[in-house]
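Working notes, beginning with the structure itself.
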Amino acid sequence: MVAPSWKQFPNAFSILVIVLLCTNYFAPFGDLDFTWQIRTGRQIVETRQLRTVEAFTYTIAGRQTPDFEWLYEVILWAIWQTFGFGGLKLLKTILISTPLLIVCLRLKKEGVGWPGTAVSLLTAFFVLMPIWNLRPLFCTTIGLLLVSSWLHDHCTGRRSLTWWLPVVMLLWANLHPGVIAGQGLLAGAIAWEWLNHWSKVNPPLHRSACWRLTLVGGLGLVATFVSPSPIERLLYPFRPEVAHSIQRIFVEMQPLYTFITRPPYTVILAYILAGLVALSVCLRFRQYRIWELALLVGLAGLANIAIRSLQDWLLVMLALGVPHLAVLMNELREARRRCKQSPGSIASGLGTIVLKVDVSRRRMLNSRLFRFQPLWPGLALVVLMTISFIPALAWRMPIQNANEWPVAAVDWLESQELHGRFFGLPDYGSYVTWRLGDRAKCYVDTRGFFFPPELLEDSFYVPQMGDDWRRRLDRVLAHGTDYLLLETTGPRGELWRAVRPHIAQPLYCDEQTAVVSTPQLKQALDEMDQAVPDHFTAAK
């Protein structure tokens, strides 16, 4: 007799889930995008304009920015105002957990047992954990999982398409510009299911089901246009600055395949899963709807262009592909029971190995050590919610800052009440304007798509003294820069190491960041220029 859940100690799988929840809750945010998103949310509330003009920099101030996630930004600002870092960390935890929960429910509905679901969860944990962060991108992941699941149920005759779809599309259109993927998914599903009446590649829908798909899906498409500048949002990904190579200074914009050889090497699991799903497509092509294949191929392309789409690709692959893999495993077991292949055949040997591994996997994951216990992860989430909703704890949340942020330097700037125009790396720009507020303007920040490529190139090449850096620095100073926040170590510390001998007393300097004024920098550059001909004269 199995004891009630509340009488059972948490097993290994429950402990793993609790550790992951707590790690993602207490860990600092991976980037500083939340800073400008909160400030933009406040701007929207104060100005009552869903799309505000840029006000955080001194390079593109007053311009209309391509920002299409106003609802997310307002929600983020409201959470910050009420619960501080505790609220932001809880939101991050919820955004991470929700897509995983949707995948689990999807697999359960498709008849995938706990062992298959557990392997899917573990795969998602190991692949995605390094890139989990507080980002509106999760809204697109959730939207893709929900819409593709509802469409699949409708097209397989399991359940008519829900009227919640237009509501979800309306929210998605105002939460994240990735709704264009949802628009393509809906349009493709409607077009294919009507075309399938003629081609019959898949079992065709009844005409009434096609009309319901067209009506409800069409309303979902219409709902996406109830948002600010829907046409501009649709066309923006095709603008040349979005594809500019300088965007790859942001890790999320680097191609997925470049991470195969980088620790922790878990990206390889995504490609293994892709290979298995591709095998299931070959063996069960007619059981996949063509729009499902188009979705998988499209997300694969996006993920391999930029790792920011890895989560969408991986979780949709799990939701759509694992049920087919489970069917193939069942068919393999049945085939082995019905007939005996020749002992020496390669297929027999491979089949035997696969089945033995599968038996071991199911036996282990169905054991008490790895059996699913919803009670303990649920209690852990309740504890984290309690911490987040108690102001005294939420506002004094430990580990608020990442080691890479120039915390000590900006503490000094704040104590000295310095204000003005600050040049630095995008991360430095976001952080200094976050801490100093309206007293500081930055050259660029982490809103990479918002800036002309040459400004991002300035912030990248000047600190490294690369690619015509003097001309770029002259442009930086011509913008009226007052102070420069420079890294002091690594490749991005080249400029500081070059000017350091010519600056007797920088405004501030620690092991990570230096702060110098424009006059100090200009004097140092003049001394460097004078030293060059003297050096040549002495050598001669």
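Residue numbers start at 1 in each chain; chains themselves are named A, B, ... in the order of the structure tokens; ligands are numbered from 1 in the order shown.
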Subject >> Exercise: A:Leu165 partners within 9 Å, only C-alpha atoms, chain neighbours under 6 positions left out, as a list in words >> reply: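 Here the qualifying residues turn out to be Leu146, Val147, Trp150, Val216, Gly217, Leu219 and Gly220 of chain A.
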Original post:
So how far away is atom CA of A:Leu205 from atom CA of A:Cys155, in Å?
Top reply: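 According to the coordinates, atom CA of A:Cys155 and atom CA of A:Leu205 are separated by 6.5 Å.
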**OP:** Figure out the distance between atom CA of A:Asp529 and atom CA of A:Val515, please, to one decimal in Å.
**Re:**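 According to the coordinates, atom CA of A:Val515 and atom CA of A:Asp529 are separated by 21.6 Å.
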**OP:** Fewer than 2 positions away in the same chain doesn't count, so skip those; otherwise give me all residues within 8 Å of A:Phe449, counting only C-alpha atoms, as a count of residues only.
**Re:** 7
**OP:** as a PyMOL selection string, please: all residues of stretch 183-239 of chain A that backbone DSSP puts in helix (DSSP H, G or I).
**Re:** chain A and resi 183-199+207-223+230-238
Original post:
In terms of the shortest atom-to-atom distance over only C-alpha atoms, which of A:Leu185, A:Phe372, A:Leu269, A:Leu215 is closest to A:Ile290?
Top reply: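 Going through A:Leu185, A:Phe372, A:Leu269, A:Leu215 one by one, the smallest distance to A:Ile290 is for A:Leu185.
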Find the nearest atom pair between each residue of stretch 206-317 of chain A and stretch 27-47 of chain A for residues within 12 Å, count only C-alpha atoms, give distances in Å to one decimal, sort rows by chain and ascending number, and present the table as a tab-separated table.
```
residue	atom	partner	partner_atom	distance
A:Phe250	CA	A:Asp31	CA	9.9
A:Val251	CA	A:Asp31	CA	10.1
A:Glu252	CA	A:Asp31	CA	10.3
```
Could those selected residues go to a file with C-alpha atoms, as a PDB file, in the first residue's frame?
```
ATOM      1  CA  PHE A 250      24.661  39.857 -27.408  1.00  0.00           C
ATOM      2  CA  VAL A 251      24.894  36.171 -26.492  1.00  0.00           C
ATOM      3  CA  GLU A 252      21.230  35.526 -27.278  1.00  0.00           C
TER       4      GLU A 252
END
```
Original post:
What separation in Å, quoted to one decimal, exists between atom CA of A:His176 and atom CA of A:Arg289?
Top reply: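 Atom-to-atom, atom CA of A:His176 and atom CA of A:Arg289 are spaced 26.5 Å apart.
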